[in-house]
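**Q** My structure is below; once you've seen it, I'll send some questions.
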Amino acid sequence: MSSDGPAQTDLGFTDPNPTLGPKYGPVKAIAIPIVSVLLAFAVGGILIYFQGVNPFTAYRVLFESALGDSDGLLRVMQKSTPLIFTGLAVVVGLRVGLFNIGAQGQLTVAAIGAAWAGYHFDLPTVVHLTFALGFGMLCGAAWASIAGVLRAYRNVSEVITTIMLNSIAIALVDYLASRTFKEPDQPISRTPLISDSAALATFGVIPSGFVIALIVSLFFGWFLIRTTEGFRFNTVGLNPNAARYAGISVKRTIVLAMAVSGALAGMGGAVETMGVVGRFEPAFNAGLGFDGITIALLARANPIATIPAAILVGILRTGANSLQFETGIEPEVVDVILALTLLFVAAPIVSRYIFRINAKRKSKSKGRS
Amino acid sequence: MRARWAWTLTVIILVGIMFSYTQDELRTTSVLSFSLRYAIPLIIAAMVGLVCERSGVINIGIEGQLLMSAFAGFFGAAATGSLIIGTLFGIGTGLIMGAVFATGAVAWKMDQIISGTIINIIATGLTSFFYAQGQVLPASTPVVAIPYLKDLPLVGPVLFNNGLFTYAAIIIVIFLQIMLFLTIWGLRTRAVGENPSAADTSGINVQRTRFINVTLAGGLAGVAGAYLSLEAAGTFERGFTAGRGFTALAIMIFGAWNPVGAFAAALFFGLTQGVASQLQADEVVDIPPQFINMLPYVLTIVLLAVVAGRVRPPAAVGKPYEKD
Amino acid sequence: MDDELVLEVTGLTKRFPGVIANEDVSLTVHKGEIVALLGENGAGKSTLVKMIYGLYRPDEGEIRIKGESVRLNGPREAIRRGVGMVHQHFQLVPVFTVAENVILGDEPRKLSFIERRKAVKEVTALAAKHGMAVDPKALVRDLPVGAQQRVEILKALYRQADILIMDEPTAVLTPQETDELLKVMKGFAASGVAVIFITHKLREVLAIADKIEVLRGGKVVGTTTPSETDQGKLAQMMVGRSVLLSVDKSVASPKEIVLDVVGLSSDNDIGLPAIRNVDLRVRSGEIVGIAGVEGNGQRELVEALTGIRKSTATKFTINDENAIGASPHKIHGMHVGHVPEDREKDGLVGQYSIANNMVLNRFDEPEFSRRGIRNMDAVNSLATKLVKDFDVRTPSIKTPANSLSGGNKQKVVIARELSANPSLLVASQPTRGVDVGSIEFIHSQIISARDSGAAVLLVSAELDEVLGLSDRILVMYDGQIVAELEGANPDRAEIGRLMAGGHAVVAEDSSHG
C-alpha cells in the first residue's frame with residue numbers, strides 16, 4: 001500500500017491516499033471521475049436499451065424526477081445526507097490506511113440508538129437533539145471500535161471484522177426492533193416515533209441534516225490538513241513505520257480513527273432517523289454503507305469531494321424509483337451504473353487509456369546503486 | 001503449540017460426537033449432515049482465498065465471485081433445463097470473475113482490497129439487476145451414495161451419502177494439499193507468495209503465476225457458487241451468499257493457510273451452527289432466532305481475535321509485485 | 001585466465017525518469033577472469049549488472065553472451081545462458097529449506113512432483129565440491145548471514161552459471177569471512193567461471209581483481225589492473241577528485257554520562273532473544289561506535305534505546321531520567337535524536353513534503369502547533385533554514401521526499417534530528433547508500449554535534465566508518481557487547497576477529513566463518 005505516484009506538492013485537497021493509485025494534477029483529479037461517471041452512464045444506457053427502453057428517455061425520467069421540482073430536490077438532499085456521512089466515514093478510514101467496509105453496520109446501530117434516545121426521553125429541544133445525535137454517534141463509534149481495537153491490538157483485518165459486524169448489526173437491530181424497543185400493539189417490528197423535541201427540522205426544501213453534513217465535510221477537509229491529529233492520521237496511513245519512529249502511537253491512532261469513522265457513519269444513521277424517518281424500521285437504510293465506499297473512492301479520499309460524489313449517488317437513488325414506475329426498468333440499474341463508475345474511477349481504465357497517465361511512472365530516482 | 005491445541009480440540013469434539021451418537025443416533029446424524037452441508041461452500045471458498053493468498057494476493061472479492069457464479073449457475077440451469085450446463089455456467093462465470101479480479105489486482109497492480117471490493121459491488125449490482133423471479137431448477141441435484149461405505153455407522157450416512165459437490169469439495173481439499181506441498185507448482189506458488197523477488201530472480205514469472213492462480217481460484221469460487229444455488233438452496237435470491245466469502249477468509253486463517261487445516265476449521269464452524277440450530281429446534285434453550293443468525297459472524301470475530309496473532313500469513317500477501 | 005570472451009557489453013544506456021543510470025557503458029569479460037566493478041553509491045554498478053542478468057532492459061546498446069547478441073526478457077533467459085547472480089539483498093525464501101531455495105525454478109522432477117531426495121543429494125554434492133558447508137535441510141531463516149550467502153552462491157552454481165555476478169557480496173561479512181569468500185571466488189575463476197564483482201571497497205579490489213572497471217555517474221571512467229594502480233588513484237577515479245580517506249576530527253573531551261544502560265535485553269521480531277545483558281555508557285562529547293556484522297543485535301539495540309522495541313533492563317537512564325519502558329514519544333522528549341538505519345521505511349514519509357518531514361517527530365510541539373492546530377509558517381521557515389544549513393539539494397521545501405536522492409534524503413533525516421539539539425544522538429548506518437560528497441558532510445555534522453556536547457552512539461556495518469568516527473569502539477556479537485576498545489588506532493584485524501565471535505585474547509590466525 002505504499003506505491004507512490006508522480007511528484008505532488010503537499011497534503012492538499014488534491015492529495016489522495018496512495019492506495020488509490022497514481023496522483024493527478026487538479027484538472028485530471030476532477031476530469032477523471034467525471035469521465036468515469038459518463039462512461040458508466042453510457043454502459044448503463046446499453047443495458048437499458050436491451051431492456052427495450054430508450055436510454056435517453058430513461059435518464060431524462062431519472063434526472064427530472066430527482067431535480068425537476070422542489071419535492072425531488074428535497075428527496076435528493078435527504079438521500080444524500082447519510083451518503084455524505086458514510087462516504088466521509090470511509091474517507092477517514094482510508095486516510096489512516098484502514099478500509100472500513102462496516103459503515104453500514106455502524107449506521108444501523110446508530111439509527112436505532114438515536115431512535116431510542118429520541119422516543120424514550122423527554123427533554124428540551126436543543127438538549128434532546130444534541131443527546132440523540134450524540135448517542136447515535138456514540139453507538140456508531142463503539143460499533144466501529146470493536147474492529148479498531150482488534151486491528152490495533154490483535155492485528156485482525158478490519159475488512160473481515162467490519163463485514164461481520166455488519167451482519168451482526170442487522171440481526172441485532174432486528175431483535176431490538178422486534179422486542180426490546182418495539183412499538184407496542186403494532187404488527188410490524190419498529191420503534192415508536194421519536195419526540196418532536198428530537199426531530200431535525202426541514203427549512204423549506206433544505207433539511208437541516210443536509211446542512212450538518214456539509215459542515216462536517218468542510219470540517220474534515222480542514223481537520224485532515226491543518227490539525228496535528230489530522231497529521232497523525234495521514235502519517236499513519238502513508239507510512240506506519242515512520243509514524244512509529246516519529247513517536248506517534250499507531251495503535252492509538254488506529255483506534256481513534258476507527259472510532260471517528262464509526263461516529264461519522266453513526267451521525268448518518270442518527271440524522272436519517274431524526275430528520276427523515278422519525279423512528280427506526282429495519283432495512284429502511286440498507287445499502288447506504290456500501291454506497292459510502294463508492295463515494296469515497298469516487299472522491300479519491302477527499303472529504304470535500306465527498307459532497308458532490310454523494311449528491312450524484314443521491315440523485316441516482318432518488319430517480320431510480322420513478323424510473324421503475326414510468327419505464328419499467330428495474331431500479332437496480334443504478335447499482336450497475338454505480339458499480340461501473342467505481343470500476344472506471346478506481347481501475348486505471350480511464351486514467352490510462354483516456355488520459356494516458358502511466359501508473360508505473362515514478363518520481364523515484366532509484367534504480368542505481 | 002497451536003497444533004497441539006488444535007489436536008486437543010479435535011479429539012474432544014470427536015469424543016463428544018461418539019458419545020452423542022450412542023445417546024441419539026438420529027439427531028447426531030442429522031446435526032452432522034447439517035454441519036457438513038453448512039461447511040461445504042465455506043470449504044471451497046476458503047480454498048479460493050488460500051490459492052490466492054499463497055500466491056501473494058488477498059482476495060476480498062470471493063463474496064462477489066460466489067454471488068455471480070451462483071447466479072449464473074442457477075439461471076443457466078433454469079434456462080437450459082440442465083444441471084450440468086448450469087454447473088458449467090457457474091464455473092465459467094467464476095473463471096471470468098477470477099480473471100477480472102486478476103486483471104485489477106495483478107496486471108494493473110491496483111490495491112488488492114479495492115479490487116476485491118469492486119468485484120463485490122459489481123456482482124451485487126449485476127445480479128440484482130438481472131434477477132428474475134419465478135425461475136425454477138429442472139430437477140434437484142442427485143444424491144450419490146457410495147456403495148458399502150454408506151453403510152458404515154455414523155460416517156456412512158454423513159459422509160458417503162451426499163451430492164456430487166460434497167465429494168468434489170473433499171477431493172479439492174486433498175488435491176490442493178498435495179499440489180501445494182509436493183509439486184513444482186506448489187513450490188513456485190509459495191515462493192511467489194513469500195518472496196516474489198526471489199522467485200523472479202530464480203526465473204519464475206511472478207505476474208503470470210499470480211494471474212493464472214487467481215483466475216483458476218475464481219473457477220473454484222464458481223464451483224462453490226454453483227453448489228450454493230444448485231445443490232444447497234435449489235434457488236437464487238438477491239445477496240444470498242450472506243457474507244460466506246468473508247467467513248471463508250477467516251476459515252482460511254484458522255486453518256493457517258493449509259487446505260486440510262481450513263477443512264477442519266470449516267467443519268468446526270458448521271458443527272457450531274448445527275448444534276445451535278438443533279438446540280433451538282428442540283427448544284432446549286430459548287435463543288431468539290436473530291442470535292442464531294449472528295452466531296457464525298460472532299464466532300468468526302472471536303476466533304480471529306484469538307488466532308490472528310498466532311498464525312503467519314504468506315509474507316508478500318497484499319503487495320503488488322514491483323521490481324525494484 | 002583464458003582468452004575466450006564470454007561477455008561483451010557495448011554502448012549500454014539505461015534511463016529512469018529523471019536520471020540516466022547508465023550511459024554508453026562498455027565492458028568485456030573473459031573466461032576465468034575476475035572483473036571488479038568499482039564505484040560509489042549511485043554510480044550505476046547495480047543497474048549495469050541487472051541488465052546483464054535480465055532484470056532491466058537496456059534502452060540502448062548490445063549485450064553479447066558467448067558471442068551471441070541477446071535481448072534478455074527476464075532472468076530466466078540469462079540463467080539459461082549461464083549467467084548467475086548473487087544479490088546484495090539475498091533472494092531467498094526464508095521459510096524454505098536450503099535445498100528448496102537452491103532448486104527453486106529449476107527443480108528435479110518426476111512428472112510434476114519435486115524429487116526431494118535427489119534435490120538434497122545434489123545440493124550436498126555441489127556444496128562439498130566448492131568447499132561450502134551448508135545443511136540442505138535447514139530452513140534458511142534459521143541460518144546466519146554468512147551461510148545464507150553460501151546458499152545464494154549455490155543457487156547460481158546449481159544453474160551451472162559460468163558468468164557469476166556478485167553484487168556487494170562482502171558488505172555483510174566480517175573481514176575474515178571476506179577473506180574466505182575472496183578465496184572461494186579465486187577458486188571459481190580457476191575452474192573457468194568468469195566473476196563480475198561489485199564493490200566499493202578498494203582493498204578487496206586490489207586483492208583479487210584481474211581487471212578493474214571504475215564507474216562514476218553511470219559511465220565507465222577508467223579501466224585498469226591492480227598492478228597499475230593503488231588505493232589513492234582508485235579513490236580519485238571513483239569520486240572524480242581527491243578524497244580524504246580518513247575523517248578529520250579533534251580529540252574528544254567526554255563529560256558527564258548521558259546514556260547509562262545496565263543489563264539491557266530484548267527480543268527480535270520472531271520473539272527470540274536478540275540482545276542480552278548489554279551494558280552501555282555514552283558521555284556527552286564523545287562518539288561511541290558499535291562495530292559488528294549486521295544481524296548481531298545492533299538493530300534491536302537501537303530500537304530498544306529509542307523505545308521502539310520492548311526491552312528489559314536493570315538500569316536505563318538518559319540524563320539521569322529513567323527510560324525503562326518509555327514510549328518513543330517519551331524518549332524523544334528526553335532530547336534523543338534517532339537516525340534510523342532504513343530511512344525510506346522508517347525515517348521519512350515519502351509522499352510528504354520536505355517541510356513536513358523536517359518536523360515529523362516535532363509537529364505537535366508548541367513551536368509548530370497551537371491547541372492542536374498546526375502552525376505551517378513555523379514549519380516552513382524551519383524547513384527553509386534547514387535545507388540551507390544542511391545543504392539539501394532540492395527545488396523547494398514542498399518537494400516530496402521520495403523524489404530526492406539517497407544522500408539528500410539522509411540529509412533531511414540528519415537535519416531533523418540534529419536541529420532539535422539532542423543531548424543523545426543514536427545514528428544507525430548514517431551513510432548507507434549515500435554518495436561520497438554527502439558522506440563527508442554527514443560525518444562532519446556528526447562530529448560537530450559531538451563537539452557541541454551531544455553524546456553520540458554510532459552503529460555502522462562499515463568498519464571503516466566506525467574506525468574513523470568513533471572515540472571509543474564497542475564490538476557487538478550475538479547480542480552482546482564482547483569488547484571495548486579505546487584509543488586512536490585500534491587493531492583492525494583484532495576487531496574483525498571479535499566481530500566473528502573470537503575472544504579478545506585469542507592468538508593470531510584463528511579462522512572463523
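Following the order of the C-alpha cells, first chain is A, next is B, and so on, with residues numbered from 1 inside each chain and ligands from 1 in the order they appear.
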Could you list, as a PyMOL selection string, every residue within 8 Å of Ser197 of chain B, counting only C-alpha atoms and ignoring same-chain residues fewer than 3 positions away?
**A** (chain B and resi 192+200-201+321+323) or (chain C and resi 91)
**Q** Those selected residues, please, written with N, CA and C atoms and delivered as a tab-separated table (two decimals), in the first residue's frame.
**A**
chain	number	residue	atom	x	y	z
B	192	VAL	N	6.32	-17.40	-4.74
B	192	VAL	CA	5.76	-16.14	-5.22
B	192	VAL	C	5.02	-15.41	-4.10
B	200	ASP	N	11.30	-14.26	-8.79
B	200	ASP	CA	11.61	-13.60	-10.05
B	200	ASP	C	13.06	-13.85	-10.46
B	201	THR	N	13.99	-13.65	-9.52
B	201	THR	CA	15.39	-13.84	-9.86
B	201	THR	C	15.74	-15.31	-10.05
B	321	TYR	N	3.44	-6.86	-7.00
B	321	TYR	CA	4.87	-7.06	-7.19
B	321	TYR	C	5.47	-5.98	-8.09
B	323	LYS	N	9.21	-4.69	-9.48
B	323	LYS	CA	10.66	-4.89	-9.49
B	323	LYS	C	11.32	-3.64	-8.93
C	91	GLN	N	18.23	-13.16	-2.32
C	91	GLN	CA	16.95	-13.50	-2.92
C	91	GLN	C	16.60	-14.92	-2.51
**Q** Please return, as a PDB file with N, CA, C and O atoms, in the first residue's frame, all residues of chain B lying within 7 Å of chain A when only C-alpha atoms are considered.
**A**
ATOM      1  N   GLY B 104      -7.248  -6.569 -12.341  1.00  0.00           N
ATOM      2  CA  GLY B 104      -7.078  -5.403 -11.479  1.00  0.00           C
ATOM      3  C   GLY B 104      -5.961  -5.587 -10.477  1.00  0.00           C
ATOM      4  O   GLY B 104      -5.032  -4.783 -10.399  1.00  0.00           O
ATOM      5  N   MET B 110      -3.417  -2.769  -8.954  1.00  0.00           N
ATOM      6  CA  MET B 110      -4.268  -1.935  -8.102  1.00  0.00           C
ATOM      7  C   MET B 110      -4.186  -2.434  -6.669  1.00  0.00           C
ATOM      8  O   MET B 110      -3.789  -3.567  -6.422  1.00  0.00           O
ATOM      9  N   ASP B 111      -4.620  -1.612  -5.762  1.00  0.00           N
ATOM     10  CA  ASP B 111      -4.760  -2.061  -4.380  1.00  0.00           C
ATOM     11  C   ASP B 111      -5.671  -3.287  -4.371  1.00  0.00           C
ATOM     12  O   ASP B 111      -6.765  -3.275  -4.934  1.00  0.00           O
ATOM     13  N   ILE B 118     -14.458  -3.878  -5.522  1.00  0.00           N
ATOM     14  CA  ILE B 118     -15.120  -3.581  -6.796  1.00  0.00           C
ATOM     15  C   ILE B 118     -15.828  -4.828  -7.320  1.00  0.00           C
ATOM     16  O   ILE B 118     -16.974  -4.770  -7.784  1.00  0.00           O
ATOM     17  N   ILE B 121     -19.033  -5.237  -5.411  1.00  0.00           N
ATOM     18  CA  ILE B 121     -20.085  -4.261  -5.731  1.00  0.00           C
ATOM     19  C   ILE B 121     -20.651  -4.531  -7.124  1.00  0.00           C
ATOM     20  O   ILE B 121     -21.863  -4.473  -7.338  1.00  0.00           O
ATOM     21  N   ILE B 122     -19.774  -4.869  -8.061  1.00  0.00           N
ATOM     22  CA  ILE B 122     -20.252  -5.192  -9.409  1.00  0.00           C
ATOM     23  C   ILE B 122     -21.166  -6.415  -9.363  1.00  0.00           C
ATOM     24  O   ILE B 122     -22.237  -6.446  -9.985  1.00  0.00           O
ATOM     25  N   GLY B 125     -24.517  -5.514  -7.989  1.00  0.00           N
ATOM     26  CA  GLY B 125     -25.272  -4.727  -8.953  1.00  0.00           C
ATOM     27  C   GLY B 125     -25.826  -5.584 -10.083  1.00  0.00           C
ATOM     28  O   GLY B 125     -27.035  -5.563 -10.367  1.00  0.00           O
ATOM     29  N   LEU B 126     -24.973  -6.362 -10.702  1.00  0.00           N
ATOM     30  CA  LEU B 126     -25.400  -7.150 -11.862  1.00  0.00           C
ATOM     31  C   LEU B 126     -26.432  -8.205 -11.477  1.00  0.00           C
ATOM     32  O   LEU B 126     -27.440  -8.375 -12.161  1.00  0.00           O
ATOM     33  N   SER B 128     -28.445  -8.217  -8.965  1.00  0.00           N
ATOM     34  CA  SER B 128     -29.709  -7.592  -8.581  1.00  0.00           C
ATOM     35  C   SER B 128     -30.481  -7.152  -9.813  1.00  0.00           C
ATOM     36  O   SER B 128     -31.692  -7.338  -9.912  1.00  0.00           O
ATOM     37  N   PHE B 129     -29.770  -6.572 -10.752  1.00  0.00           N
ATOM     38  CA  PHE B 129     -30.435  -6.031 -11.940  1.00  0.00           C
ATOM     39  C   PHE B 129     -31.029  -7.135 -12.798  1.00  0.00           C
ATOM     40  O   PHE B 129     -32.157  -7.046 -13.276  1.00  0.00           O
ATOM     41  N   PHE B 246     -16.507 -13.873   3.033  1.00  0.00           N
ATOM     42  CA  PHE B 246     -15.643 -13.283   4.062  1.00  0.00           C
ATOM     43  C   PHE B 246     -15.369 -14.282   5.175  1.00  0.00           C
ATOM     44  O   PHE B 246     -14.253 -14.377   5.671  1.00  0.00           O
ATOM     45  N   GLN B 290     -32.615 -14.371  15.895  1.00  0.00           N
ATOM     46  CA  GLN B 290     -31.615 -13.395  15.461  1.00  0.00           C
ATOM     47  C   GLN B 290     -30.229 -13.739  15.998  1.00  0.00           C
ATOM     48  O   GLN B 290     -29.218 -13.522  15.331  1.00  0.00           O
ATOM     49  N   PHE B 291     -30.218 -14.294  17.202  1.00  0.00           N
ATOM     50  CA  PHE B 291     -28.913 -14.606  17.785  1.00  0.00           C
ATOM     51  C   PHE B 291     -28.311 -15.853  17.157  1.00  0.00           C
ATOM     52  O   PHE B 291     -27.102 -15.970  17.030  1.00  0.00           O
ATOM     53  N   ASN B 293     -28.738 -16.465  14.037  1.00  0.00           N
ATOM     54  CA  ASN B 293     -28.219 -15.935  12.777  1.00  0.00           C
ATOM     55  C   ASN B 293     -26.870 -15.242  12.963  1.00  0.00           C
ATOM     56  O   ASN B 293     -26.030 -15.224  12.078  1.00  0.00           O
ATOM     57  N   MET B 294     -26.710 -14.650  14.135  1.00  0.00           N
ATOM     58  CA  MET B 294     -25.466 -13.919  14.411  1.00  0.00           C
ATOM     59  C   MET B 294     -24.281 -14.845  14.615  1.00  0.00           C
ATOM     60  O   MET B 294     -23.138 -14.456  14.426  1.00  0.00           O
ATOM     61  N   TYR B 297     -21.067 -15.144  12.515  1.00  0.00           N
ATOM     62  CA  TYR B 297     -20.311 -13.898  12.407  1.00  0.00           C
ATOM     63  C   TYR B 297     -19.572 -13.599  13.704  1.00  0.00           C
ATOM     64  O   TYR B 297     -18.408 -13.194  13.702  1.00  0.00           O
ATOM     65  N   ILE B 301     -15.406 -13.462  14.394  1.00  0.00           N
ATOM     66  CA  ILE B 301     -14.644 -12.389  15.034  1.00  0.00           C
ATOM     67  C   ILE B 301     -13.877 -12.915  16.245  1.00  0.00           C
ATOM     68  O   ILE B 301     -12.688 -12.633  16.415  1.00  0.00           O
ATOM     69  N   LEU B 304     -10.991 -15.096  15.140  1.00  0.00           N
ATOM     70  CA  LEU B 304      -9.931 -14.286  14.545  1.00  0.00           C
ATOM     71  C   LEU B 304      -9.127 -13.582  15.637  1.00  0.00           C
ATOM     72  O   LEU B 304      -7.904 -13.524  15.589  1.00  0.00           O
ATOM     73  N   ALA B 305      -9.833 -13.061  16.619  1.00  0.00           N
ATOM     74  CA  ALA B 305      -9.148 -12.347  17.692  1.00  0.00           C
ATOM     75  C   ALA B 305      -8.202 -13.275  18.433  1.00  0.00           C
ATOM     76  O   ALA B 305      -7.109 -12.884  18.835  1.00  0.00           O
ATOM     77  N   ALA B 308      -5.518 -14.801  15.160  1.00  0.00           N
ATOM     78  CA  ALA B 308      -4.802 -13.987  14.171  1.00  0.00           C
ATOM     79  C   ALA B 308      -3.356 -13.692  14.548  1.00  0.00           C
ATOM     80  O   ALA B 308      -2.478 -13.701  13.701  1.00  0.00           O
ATOM     81  N   GLY B 309      -3.092 -13.466  15.837  1.00  0.00           N
ATOM     82  CA  GLY B 309      -1.730 -13.138  16.205  1.00  0.00           C
ATOM     83  C   GLY B 309      -0.791 -14.325  16.159  1.00  0.00           C
ATOM     84  O   GLY B 309       0.406 -14.163  16.226  1.00  0.00           O
ATOM     85  N   LYS B 319       0.706  -7.280  -1.414  1.00  0.00           N
ATOM     86  CA  LYS B 319       1.556  -6.297  -2.080  1.00  0.00           C
ATOM     87  C   LYS B 319       1.686  -6.616  -3.575  1.00  0.00           C
ATOM     88  O   LYS B 319       2.191  -7.680  -3.920  1.00  0.00           O
ATOM     89  N   ASP B 324      12.369  -3.807  -8.174  1.00  0.00           N
ATOM     90  CA  ASP B 324      12.974  -2.573  -7.650  1.00  0.00           C
ATOM     91  C   ASP B 324      14.243  -2.195  -8.393  1.00  0.00           C
ATOM     92  O   ASP B 324      14.716  -2.874  -9.252  1.00  0.00           O
TER      93      ASP B 324
END
**Q** Do a neighbour search on Ser35 of chain B at 7 Å with only C-alpha atoms, toss out local chain neighbours closer than 2 positions, and write the hits as a ChimeraX atom specification.
**A** /B:31-33,37-39,267,270-271,273-274
**Q** Between A:Ala242, A:Ala299, A:Ala141, A:Leu264, which has the minimum distance to Gly350 of chain C (counting only C-alpha atoms)?
**A**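 So, comparing all the options, the nearest one is A:Ala242.
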**Q** Would you kindly report the residues of chain C within 7 Å of chain B, using only C-alpha atoms, as JSON, numbers by chain?
**A** {"C": [75, 76, 91, 92, 93, 104, 105, 112, 113, 114]}
**Q** Take the residues from that selection and put them in a file with all heavy atoms, as a PDB file, in the first residue's frame.
**A**
ATOM      1  N   PRO C  75      15.263 -12.807 -16.042  1.00  0.00           N
ATOM      2  CA  PRO C  75      16.365 -13.605 -15.512  1.00  0.00           C
ATOM      3  C   PRO C  75      16.388 -15.014 -16.093  1.00  0.00           C
ATOM      4  O   PRO C  75      17.452 -15.606 -16.260  1.00  0.00           O
ATOM      5  CB  PRO C  75      16.069 -13.660 -14.013  1.00  0.00           C
ATOM      6  CG  PRO C  75      15.139 -12.559 -13.738  1.00  0.00           C
ATOM      7  CD  PRO C  75      14.374 -12.310 -14.979  1.00  0.00           C
ATOM      8  N   ARG C  76      15.205 -15.539 -16.408  1.00  0.00           N
ATOM      9  CA  ARG C  76      15.121 -16.893 -16.916  1.00  0.00           C
ATOM     10  C   ARG C  76      16.051 -17.094 -18.112  1.00  0.00           C
ATOM     11  O   ARG C  76      16.767 -18.078 -18.202  1.00  0.00           O
ATOM     12  CB  ARG C  76      13.660 -17.168 -17.309  1.00  0.00           C
ATOM     13  CG  ARG C  76      13.465 -18.554 -17.729  1.00  0.00           C
ATOM     14  CD  ARG C  76      11.996 -18.959 -17.780  1.00  0.00           C
ATOM     15  NE  ARG C  76      12.000 -20.354 -17.481  1.00  0.00           N
ATOM     16  CZ  ARG C  76      11.465 -20.923 -16.424  1.00  0.00           C
ATOM     17  NH1 ARG C  76      10.760 -20.243 -15.613  1.00  0.00           N
ATOM     18  NH2 ARG C  76      11.600 -22.194 -16.193  1.00  0.00           N
ATOM     19  N   GLN C  91      18.226 -13.156  -2.322  1.00  0.00           N
ATOM     20  CA  GLN C  91      16.946 -13.504  -2.924  1.00  0.00           C
ATOM     21  C   GLN C  91      16.595 -14.921  -2.505  1.00  0.00           C
ATOM     22  O   GLN C  91      16.633 -15.847  -3.297  1.00  0.00           O
ATOM     23  CB  GLN C  91      17.033 -13.368  -4.447  1.00  0.00           C
ATOM     24  CG  GLN C  91      17.324 -11.953  -4.896  1.00  0.00           C
ATOM     25  CD  GLN C  91      16.210 -10.993  -4.522  1.00  0.00           C
ATOM     26  OE1 GLN C  91      15.050 -11.377  -4.414  1.00  0.00           O
ATOM     27  NE2 GLN C  91      16.550  -9.740  -4.307  1.00  0.00           N
ATOM     28  N   LEU C  92      16.256 -15.055  -1.238  1.00  0.00           N
ATOM     29  CA  LEU C  92      15.942 -16.371  -0.704  1.00  0.00           C
ATOM     30  C   LEU C  92      14.562 -16.336  -0.050  1.00  0.00           C
ATOM     31  O   LEU C  92      14.106 -15.280   0.384  1.00  0.00           O
ATOM     32  CB  LEU C  92      16.982 -16.773   0.346  1.00  0.00           C
ATOM     33  CG  LEU C  92      18.432 -16.835  -0.140  1.00  0.00           C
ATOM     34  CD1 LEU C  92      19.377 -17.048   1.026  1.00  0.00           C
ATOM     35  CD2 LEU C  92      18.614 -17.950  -1.169  1.00  0.00           C
ATOM     36  N   VAL C  93      13.922 -17.490   0.014  1.00  0.00           N
ATOM     37  CA  VAL C  93      12.639 -17.595   0.704  1.00  0.00           C
ATOM     38  C   VAL C  93      12.927 -18.118   2.113  1.00  0.00           C
ATOM     39  O   VAL C  93      13.331 -19.261   2.277  1.00  0.00           O
ATOM     40  CB  VAL C  93      11.685 -18.554  -0.036  1.00  0.00           C
ATOM     41  CG1 VAL C  93      10.337 -18.617   0.677  1.00  0.00           C
ATOM     42  CG2 VAL C  93      11.507 -18.116  -1.485  1.00  0.00           C
ATOM     43  N   LEU C 104      14.778 -23.914  -6.565  1.00  0.00           N
ATOM     44  CA  LEU C 104      13.613 -23.138  -6.999  1.00  0.00           C
ATOM     45  C   LEU C 104      13.774 -22.612  -8.431  1.00  0.00           C
ATOM     46  O   LEU C 104      14.745 -21.943  -8.739  1.00  0.00           O
ATOM     47  CB  LEU C 104      13.388 -21.961  -6.042  1.00  0.00           C
ATOM     48  CG  LEU C 104      12.181 -21.067  -6.321  1.00  0.00           C
ATOM     49  CD1 LEU C 104      10.890 -21.837  -6.199  1.00  0.00           C
ATOM     50  CD2 LEU C 104      12.192 -19.859  -5.403  1.00  0.00           C
ATOM     51  N   GLY C 105      12.820 -22.958  -9.265  1.00  0.00           N
ATOM     52  CA  GLY C 105      12.856 -22.501 -10.656  1.00  0.00           C
ATOM     53  C   GLY C 105      13.507 -23.495 -11.592  1.00  0.00           C
ATOM     54  O   GLY C 105      13.384 -23.385 -12.813  1.00  0.00           O
ATOM     55  N   SER C 112       5.050 -33.953 -12.228  1.00  0.00           N
ATOM     56  CA  SER C 112       5.055 -32.591 -11.709  1.00  0.00           C
ATOM     57  C   SER C 112       5.543 -32.534 -10.273  1.00  0.00           C
ATOM     58  O   SER C 112       5.511 -31.489  -9.647  1.00  0.00           O
ATOM     59  CB  SER C 112       3.646 -32.000 -11.781  1.00  0.00           C
ATOM     60  OG  SER C 112       3.452 -31.498 -13.077  1.00  0.00           O
ATOM     61  N   PHE C 113       5.960 -33.657  -9.764  1.00  0.00           N
ATOM     62  CA  PHE C 113       6.353 -33.711  -8.364  1.00  0.00           C
ATOM     63  C   PHE C 113       7.838 -33.429  -8.187  1.00  0.00           C
ATOM     64  O   PHE C 113       8.663 -33.792  -9.027  1.00  0.00           O
ATOM     65  CB  PHE C 113       6.016 -35.079  -7.759  1.00  0.00           C
ATOM     66  CG  PHE C 113       4.540 -35.294  -7.607  1.00  0.00           C
ATOM     67  CD1 PHE C 113       3.789 -35.845  -8.645  1.00  0.00           C
ATOM     68  CD2 PHE C 113       3.890 -34.930  -6.434  1.00  0.00           C
ATOM     69  CE1 PHE C 113       2.428 -36.027  -8.517  1.00  0.00           C
ATOM     70  CE2 PHE C 113       2.527 -35.110  -6.299  1.00  0.00           C
ATOM     71  CZ  PHE C 113       1.787 -35.661  -7.339  1.00  0.00           C
ATOM     72  N   ILE C 114       8.150 -32.781  -7.082  1.00  0.00           N
ATOM     73  CA  ILE C 114       9.548 -32.478  -6.785  1.00  0.00           C
ATOM     74  C   ILE C 114      10.211 -33.738  -6.237  1.00  0.00           C
ATOM     75  O   ILE C 114       9.660 -34.419  -5.379  1.00  0.00           O
ATOM     76  CB  ILE C 114       9.644 -31.373  -5.725  1.00  0.00           C
ATOM     77  CG1 ILE C 114       8.990 -30.110  -6.261  1.00  0.00           C
ATOM     78  CG2 ILE C 114      11.074 -31.108  -5.325  1.00  0.00           C
ATOM     79  CD1 ILE C 114       8.730 -29.084  -5.190  1.00  0.00           C
TER      80      ILE C 114
END
**Q** Check segment 264-332 of chain C with DSSP on the backbone and list each residue it calls strand (DSSP E), as a ChimeraX atom specification.
**A** /C:264-267,273-283,287-291,311-312,315-318,321-322
**Q** In Å, with one decimal, what is the gap from atom CA of Arg27 of chain B to atom CA of Phe263 of chain B?
**A** 23.0 Å
**Q** Nearest residue to Ile43 of chain B out of B:Phe211, B:Trp108, B:Phe160, B:Phe165, using only C-alpha atoms?
**A**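 Of B:Phe211, B:Trp108, B:Phe160, B:Phe165, the one nearest Ile43 of chain B is B:Phe165, counting only C-alpha atoms.
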**Q** Please provide the set of residues having any atom within 9 Å of Gly209 of chain A, restricted to only C-alpha atoms, with same-chain residues fewer than 5 positions apart removed, written as a PyMOL selection string.
**A** chain A and resi 77-78+81-82+200-202+214+268+271-272+274-276
**Q** If you count only C-alpha atoms, which residues fall within 12 Å of Gly156 of chain B, apart from same-chain ones fewer than 3 positions away, as a list in words?
**A**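 The neighbour list is Thr29, Leu32, Ser33, Val144, Ala145, Ile146, Pro147, Tyr148, Leu149, Lys150, Asp151, Leu152, Pro153, Leu159, Phe160, Asn161 and Asn162 of chain B.
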**Q** Within 12 Å of Ile295 of chain A, counting only C-alpha atoms, which residues show up once you throw out same-chain ones fewer than 2 positions away? Write them as a PyMOL selection string, please.
**A** chain A and resi 33+37+80+82-91+288-293+297-314+338-339+341-342+345-346
